[in-house]
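Structure file data-v6.csv (CSV, C-alpha atoms) follows.
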```
chain,number,residue,atom,x,y,z
A,1,MET,CA,-29.9,27.5,15.1
A,2,ARG,CA,-26.2,28.1,15.1
A,3,LEU,CA,-24.0,25.3,13.7
A,4,PRO,CA,-20.3,25.1,14.8
A,5,LEU,CA,-18.0,26.8,12.4
A,6,THR,CA,-16.6,23.5,11.0
A,7,MET,CA,-20.1,22.4,10.0
A,8,ARG,CA,-21.2,25.8,8.5
A,9,TYR,CA,-18.2,25.9,6.2
A,10,ARG,CA,-19.1,24.8,2.6
A,11,PRO,CA,-15.9,24.3,0.6
A,12,PRO,CA,-16.1,25.4,-3.0
A,13,ALA,CA,-16.9,22.6,-5.5
A,14,GLY,CA,-13.5,22.9,-7.1
A,15,MET,CA,-11.7,22.2,-3.9
A,16,VAL,CA,-13.8,19.1,-3.1
A,17,ALA,CA,-13.3,17.9,-6.7
A,18,TRP,CA,-9.5,18.4,-6.4
A,19,ALA,CA,-9.2,16.7,-3.0
A,20,PHE,CA,-11.3,13.7,-4.1
A,21,HIS,CA,-9.4,13.5,-7.3
A,22,ARG,CA,-6.1,13.3,-5.5
A,23,ILE,CA,-7.2,10.8,-2.8
A,24,SER,CA,-8.8,8.5,-5.4
A,25,GLY,CA,-5.8,8.8,-7.7
A,26,VAL,CA,-3.3,7.8,-4.9
A,27,GLY,CA,-5.6,5.0,-3.9
A,28,ILE,CA,-5.9,3.6,-7.5
A,29,PHE,CA,-2.1,3.9,-7.8
A,30,LEU,CA,-1.5,1.8,-4.7
A,31,PHE,CA,-3.9,-0.9,-6.0
A,32,PHE,CA,-2.2,-0.8,-9.4
A,33,LEU,CA,1.2,-1.6,-7.7
A,34,LEU,CA,-0.5,-4.7,-6.1
A,35,HIS,CA,-2.3,-5.6,-9.2
A,36,VAL,CA,0.7,-5.8,-11.6
A,37,VAL,CA,2.5,-8.0,-9.0
A,38,ASP,CA,-0.5,-10.3,-8.5
A,39,ILE,CA,-0.9,-10.7,-12.3
A,40,TYR,CA,2.8,-11.5,-12.6
A,41,LEU,CA,2.1,-14.4,-10.2
A,42,VAL,CA,-0.2,-16.0,-12.8
A,43,GLY,CA,2.9,-17.0,-14.6
A,44,ALA,CA,5.4,-17.2,-11.7
A,45,ASN,CA,3.2,-18.9,-9.0
A,46,PRO,CA,-0.3,-19.8,-10.2
A,47,ALA,CA,-1.2,-21.4,-6.8
A,48,LEU,CA,-0.4,-18.2,-4.9
A,49,TYR,CA,-2.4,-16.2,-7.5
A,50,ASP,CA,-5.4,-18.4,-6.9
A,51,ASP,CA,-5.1,-17.7,-3.2
A,52,VAL,CA,-5.1,-13.9,-3.9
A,53,LEU,CA,-8.1,-14.4,-6.2
A,54,ARG,CA,-10.0,-16.2,-3.4
A,55,PHE,CA,-9.5,-13.2,-1.2
A,56,TYR,CA,-10.8,-10.9,-4.0
A,57,ALA,CA,-13.9,-13.1,-4.3
A,58,SER,CA,-14.5,-13.1,-0.5
A,59,ILE,CA,-17.0,-10.7,1.1
A,60,PRO,CA,-14.3,-8.4,2.6
A,61,GLY,CA,-12.5,-8.5,-0.7
A,62,ARG,CA,-15.7,-7.4,-2.5
A,63,PHE,CA,-16.2,-4.4,-0.2
A,64,LEU,CA,-12.6,-3.3,-1.1
A,65,GLU,CA,-13.4,-3.8,-4.8
A,66,VAL,CA,-16.5,-1.6,-4.4
A,67,LEU,CA,-14.2,1.1,-2.9
A,68,LEU,CA,-11.8,0.6,-5.7
A,69,GLY,CA,-14.6,0.8,-8.3
A,70,ALA,CA,-15.9,4.0,-6.6
A,71,ALA,CA,-12.4,5.6,-6.7
A,72,LEU,CA,-12.0,4.6,-10.3
A,73,LEU,CA,-15.4,5.8,-11.4
A,74,TYR,CA,-15.1,9.2,-9.6
A,75,HIS,CA,-11.5,9.7,-10.9
A,76,ALA,CA,-12.7,8.8,-14.5
A,77,LEU,CA,-15.7,11.1,-14.5
A,78,ASN,CA,-14.0,14.0,-12.8
A,79,GLY,CA,-11.0,13.6,-15.0
A,80,LEU,CA,-13.2,13.8,-18.1
A,81,ARG,CA,-14.8,17.0,-16.6
A,82,ILE,CA,-11.2,18.4,-16.2
A,83,VAL,CA,-10.2,17.4,-19.8
A,84,ILE,CA,-13.4,18.9,-21.2
A,85,ILE,CA,-12.9,22.3,-19.4
A,86,ASP,CA,-9.2,22.4,-20.3
A,87,LEU,CA,-9.4,21.5,-23.9
A,88,TRP,CA,-12.7,23.3,-24.6
A,89,PRO,CA,-12.6,26.5,-22.5
A,90,ALA,CA,-16.1,27.5,-23.6
A,91,MET,CA,-17.5,24.7,-21.4
A,92,THR,CA,-16.3,26.7,-18.4
A,93,VAL,CA,-19.7,28.4,-18.5
A,94,TYR,CA,-21.3,25.1,-17.7
A,95,GLN,CA,-18.8,24.0,-15.0
A,96,ALA,CA,-21.5,23.8,-12.3
A,97,LYS,CA,-23.7,21.6,-14.5
A,98,LEU,CA,-20.7,19.4,-15.3
A,99,TRP,CA,-20.0,19.0,-11.6
A,100,THR,CA,-23.6,18.0,-10.9
A,101,GLY,CA,-23.5,15.7,-13.9
A,102,THR,CA,-20.4,14.0,-12.5
A,103,TRP,CA,-22.3,13.0,-9.4
A,104,VAL,CA,-25.5,12.0,-11.2
A,105,ILE,CA,-23.6,9.6,-13.4
A,106,PHE,CA,-21.5,8.4,-10.4
A,107,ILE,CA,-24.7,7.4,-8.5
A,108,LEU,CA,-26.6,6.0,-11.6
A,109,LEU,CA,-23.6,3.7,-12.6
A,110,GLY,CA,-22.1,3.2,-9.1
A,111,VAL,CA,-25.1,2.0,-7.1
A,112,PRO,CA,-26.1,-0.9,-9.5
A,113,GLY,CA,-22.4,-1.8,-10.0
A,114,ALA,CA,-21.9,-2.0,-6.2
A,115,LEU,CA,-25.0,-4.2,-5.8
A,116,ILE,CA,-23.7,-6.6,-8.5
A,117,ILE,CA,-20.3,-6.9,-7.0
A,118,LEU,CA,-21.8,-7.3,-3.5
A,119,ARG,CA,-24.4,-9.9,-4.6
A,120,PRO,CA,-22.9,-12.7,-2.4
A,121,ALA,CA,-23.3,-10.4,0.6
A,122,TRP,CA,-27.0,-9.7,0.2
A,123,LEU,CA,-28.5,-12.5,-2.0
A,124,PRO,CA,-28.3,-15.2,0.7
A,125,LEU,CA,-30.0,-12.9,3.1
A,126,LEU,CA,-32.9,-12.3,0.7
A,127,GLN,CA,-33.1,-16.1,0.1
A,128,GLN,CA,-33.3,-16.7,3.8
A,129,LEU,CA,-36.2,-14.3,4.1
A,130,GLY,CA,-37.9,-16.0,1.1
A,131,LEU,CA,-37.7,-12.8,-1.0
A,132,ALA,CA,-35.5,-14.3,-3.7
B,133,MET,CA,-22.1,37.3,21.2
B,134,THR,CA,-20.9,36.2,17.8
B,135,ASP,CA,-18.1,33.9,16.9
B,136,GLU,CA,-17.9,35.3,13.4
B,137,PRO,CA,-14.5,36.7,12.6
B,138,ALA,CA,-14.5,40.5,11.9
B,139,PRO,CA,-14.9,41.1,8.1
B,140,VAL,CA,-11.5,41.6,6.5
B,141,PRO,CA,-11.4,44.5,4.1
B,142,THR,CA,-10.7,43.0,0.7
B,143,PRO,CA,-8.0,44.7,-1.4
B,144,ALA,CA,-8.6,45.4,-5.0
B,145,SER,CA,-10.5,42.1,-5.9
B,146,PRO,CA,-8.9,39.9,-8.5
B,147,PRO,CA,-10.9,39.2,-11.6
B,148,ALA,CA,-13.3,36.3,-11.2
B,149,PHE,CA,-11.6,33.0,-12.2
B,150,ALA,CA,-8.1,34.5,-12.1
B,151,ASP,CA,-5.5,31.8,-12.2
B,152,ILE,CA,-3.3,31.2,-9.2
B,153,GLU,CA,0.2,31.3,-10.4
B,154,SER,CA,3.4,30.0,-8.9
B,155,GLY,CA,6.4,29.3,-11.0
B,156,ASN,CA,5.7,27.3,-14.1
B,157,VAL,CA,2.5,25.7,-12.8
B,158,THR,CA,-0.8,27.4,-12.6
B,159,VAL,CA,-4.0,26.2,-10.9
B,160,SER,CA,-7.3,27.2,-12.4
B,161,ARG,CA,-10.0,28.4,-10.0
B,162,VAL,CA,-12.7,26.7,-12.0
B,163,SER,CA,-11.5,23.2,-12.7
B,164,ARG,CA,-8.9,23.0,-9.9
B,165,ALA,CA,-6.7,21.2,-12.5
B,166,ARG,CA,-3.4,22.5,-13.8
B,167,VAL,CA,-3.7,25.2,-16.4
B,168,ARG,CA,-1.7,24.6,-19.6
B,169,PRO,CA,1.8,25.4,-18.4
B,170,ARG,CA,3.7,28.3,-20.1
B,171,GLY,CA,7.4,28.8,-20.2
B,172,SER,CA,8.4,25.1,-19.8
B,173,ARG,CA,8.3,22.7,-22.7
B,174,LYS,CA,8.8,19.7,-20.4
B,175,GLU,CA,5.8,20.7,-18.2
B,176,LEU,CA,3.7,21.3,-21.3
B,177,ILE,CA,4.5,17.8,-22.6
B,178,VAL,CA,3.6,16.3,-19.2
B,179,TRP,CA,0.3,18.3,-19.2
B,180,TYR,CA,-0.7,16.9,-22.6
B,181,LEU,CA,0.4,13.4,-21.8
B,182,MET,CA,-1.8,13.4,-18.7
B,183,ARG,CA,-4.8,14.4,-20.7
B,184,VAL,CA,-4.2,12.1,-23.7
B,185,THR,CA,-3.7,9.0,-21.4
B,186,ALA,CA,-6.7,10.1,-19.3
B,187,VAL,CA,-9.0,9.8,-22.3
B,188,ALA,CA,-7.5,6.4,-23.2
B,189,LEU,CA,-7.9,5.2,-19.7
B,190,PHE,CA,-11.5,6.4,-19.5
B,191,VAL,CA,-12.2,3.6,-22.0
B,192,LEU,CA,-9.6,1.1,-21.2
B,193,ALA,CA,-9.6,1.1,-17.4
B,194,LEU,CA,-13.5,1.3,-17.0
B,195,ALA,CA,-13.8,-1.5,-19.6
B,196,HIS,CA,-11.2,-3.7,-17.9
B,197,PHE,CA,-12.9,-3.2,-14.4
B,198,SER,CA,-16.4,-3.9,-15.9
B,199,ILE,CA,-15.3,-7.1,-17.8
B,200,LEU,CA,-13.6,-8.6,-14.7
B,201,HIS,CA,-16.4,-7.7,-12.3
B,202,PHE,CA,-19.7,-7.7,-14.2
B,203,ILE,CA,-19.1,-10.1,-17.1
B,204,TRP,CA,-17.0,-12.6,-15.1
B,205,ASP,CA,-17.4,-12.6,-11.4
B,206,PRO,CA,-14.2,-12.8,-9.3
B,207,ALA,CA,-15.4,-16.1,-7.9
B,208,THR,CA,-15.1,-17.7,-11.4
B,209,GLN,CA,-11.5,-16.5,-11.9
B,210,SER,CA,-8.2,-18.2,-11.4
B,211,ALA,CA,-4.8,-18.6,-13.1
B,212,GLN,CA,-6.4,-21.2,-15.3
B,213,PHE,CA,-9.2,-18.8,-16.2
B,214,ILE,CA,-6.6,-16.2,-17.4
B,215,ALA,CA,-4.8,-18.8,-19.5
B,216,ASP,CA,-8.0,-20.4,-20.9
B,217,GLU,CA,-10.3,-17.4,-21.3
B,218,ARG,CA,-9.1,-14.0,-20.5
B,219,TRP,CA,-5.7,-14.1,-22.3
B,220,ASN,CA,-6.6,-16.6,-25.0
B,221,SER,CA,-6.4,-14.0,-27.8
B,222,ILE,CA,-3.8,-11.5,-29.0
B,223,PHE,CA,-6.5,-8.8,-28.8
B,224,TRP,CA,-7.1,-9.1,-25.1
B,225,ARG,CA,-3.4,-9.5,-24.3
B,226,GLY,CA,-2.8,-6.3,-26.4
B,227,PHE,CA,-5.7,-4.6,-24.7
B,228,ASP,CA,-4.3,-5.3,-21.2
B,229,TRP,CA,-0.8,-4.4,-22.3
B,230,LEU,CA,-2.0,-1.1,-23.7
B,231,LEU,CA,-3.8,-0.5,-20.4
B,232,LEU,CA,-0.6,-1.2,-18.5
B,233,THR,CA,1.3,1.3,-20.6
B,234,MET,CA,-1.3,4.0,-20.3
B,235,VAL,CA,-1.6,3.5,-16.5
B,236,LEU,CA,2.2,3.6,-16.1
B,237,ILE,CA,2.4,7.0,-17.9
B,238,HIS,CA,-0.7,8.4,-16.2
B,239,ALA,CA,-0.1,7.1,-12.6
B,240,PHE,CA,3.6,7.9,-12.5
B,241,LEU,CA,3.2,11.4,-13.9
B,242,GLY,CA,0.3,11.9,-11.5
B,243,VAL,CA,2.3,10.8,-8.5
B,244,ARG,CA,5.2,13.0,-9.8
B,245,THR,CA,2.8,16.0,-9.4
B,246,VAL,CA,1.9,14.9,-5.9
B,247,VAL,CA,5.6,14.6,-5.0
B,248,LEU,CA,6.4,18.0,-6.5
B,249,ASP,CA,3.5,19.4,-4.4
B,250,TYR,CA,4.6,18.0,-1.0
B,251,VAL,CA,8.3,17.2,-1.2
B,252,HIS,CA,10.3,20.4,-1.2
B,253,SER,CA,13.9,19.4,-0.2
B,254,PRO,CA,15.8,19.0,-3.5
B,255,VAL,CA,17.6,15.8,-2.2
B,256,TRP,CA,14.4,14.1,-1.1
B,257,ARG,CA,12.5,15.3,-4.2
B,258,THR,CA,15.2,13.9,-6.6
B,259,GLY,CA,15.4,10.7,-4.5
B,260,THR,CA,11.6,10.1,-4.4
B,261,LEU,CA,11.3,10.7,-8.2
B,262,TRP,CA,14.1,8.3,-9.0
B,263,LEU,CA,12.5,5.6,-6.8
B,264,LEU,CA,9.2,6.3,-8.5
B,265,TYR,CA,10.6,5.9,-12.0
B,266,VAL,CA,12.6,2.7,-11.0
B,267,ILE,CA,9.4,1.1,-9.6
B,268,GLY,CA,7.6,2.2,-12.8
B,269,ILE,CA,10.2,0.4,-15.0
B,270,ILE,CA,10.1,-2.7,-12.9
B,271,LEU,CA,6.3,-2.9,-13.1
B,272,PHE,CA,6.5,-2.4,-16.9
B,273,VAL,CA,9.0,-5.3,-17.2
B,274,LEU,CA,7.0,-7.6,-14.9
B,275,GLY,CA,3.7,-6.8,-16.6
B,276,THR,CA,5.1,-7.0,-20.2
B,277,GLN,CA,6.8,-10.3,-19.4
B,278,VAL,CA,3.7,-12.1,-18.1
B,279,VAL,CA,1.4,-10.8,-20.8
B,280,ILE,CA,3.8,-11.9,-23.6
B,281,THR,CA,5.1,-15.2,-22.1
B,282,LEU,CA,2.1,-16.7,-20.3
B,283,PRO,CA,1.3,-19.9,-22.3
B,284,THR,CA,-2.3,-20.3,-23.4
B,285,SER,CA,-4.1,-23.6,-22.7
B,286,ALA,CA,-5.1,-23.8,-26.3
B,287,LEU,CA,-1.5,-24.3,-27.2
B,288,THR,CA,-0.2,-26.2,-24.2
B,289,GLY,CA,-3.2,-28.0,-22.7
B,290,PRO,CA,-4.5,-27.2,-19.2
B,291,VAL,CA,-2.1,-25.6,-16.7
```

Please go through the file and, once you have read it, give me the structure as structure tokens.
Amino acid sequence: MRLPLTMRYRPPAGMVAWAFHRISGVGIFLFFLLHVVDIYLVGANPALYDDVLRFYASIPGRFLEVLLGAALLYHALNGLRIVIIDLWPAMTVYQAKLWTGTWVIFILLGVPGALIILRPAWLPLLQQLGLA
Amino acid sequence: MTDEPAPVPTPASPPAFADIESGNVTVSRVSRARVRPRGSRKELIVWYLMRVTAVALFVLALAHFSILHFIWDPATQSAQFIADERWNSIFWRGFDWLLLTMVLIHAFLGVRTVVLDYVHSPVWRTGTLWLLYVIGIILFVLGTQVVITLPTSALTGPV
């Protein structure tokens, strides 16, 4: 079977790592701008802050928080991988293992984390079905 | 019929893991991060600052996110919660202020790298970087002001 060229192309791990690192970094930066302003509202306009918090606690807000958490966790783990390789060049030998490890830890921590944040989205459904 | 491009004869192949150099900044083929810069003291300081703040943020930012999503659910949070619980001790105010400072250094130097990568016109580059630093200073002032001045309920009674 012949796949189209775009699907046959497997980018090298370093390129994927770099692209995800940059996209997640810019995403976290944008949330950081919003977050400093919303925390400033705690002092300046507590009622407006409570409105913002109600959105964060809503179901769509929680999906965005899972996205933020995923960006944060990936950026943190991949960043640690970069720091390890840069400051301890002997680890270059294990760079493929470090890359695999990044994703293993990402899934192991990320999936339970996402389920906890999204609890209000799935728990009522389980209760309706009599499973919880 | 084949849609494969004709093999291009490779010139003398570079050593495996050779660094890709351009000016003062070098990109490693292995980590895809920036190799420790040579020939520019400023770039070297930026390079170290990114890594030092990265290690600090690995602890501070992940702890901050976990505390405010796993220990306290967002549904239980409000301005009152921050005054009563979250910022009711110097330790947690200091923790969040340190996080703010580390993020400001890391995020703004990180976006500086992005700007240097994509903005090439000297006028636009200087303008974008100035705008970036001005936003950074404003955020530092806003964040520091609220973390220092927000009254705690223990001292003033409920908000």

Counting only C-alpha atoms, collect the residues of chain A whose closest atom lies at most 8 Å from chain B, and write them out as a count of residues only. 37

Distance in Å - atom CA of A:Ala96 versus atom CA of A:His75: 17.3 Å

Interatomic distance, atom CA of A:Leu67 to atom CA of A:Arg119 (Å, one decimal):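 Going from atom CA of A:Leu67 over to atom CA of A:Arg119, I get 15.1 Å.
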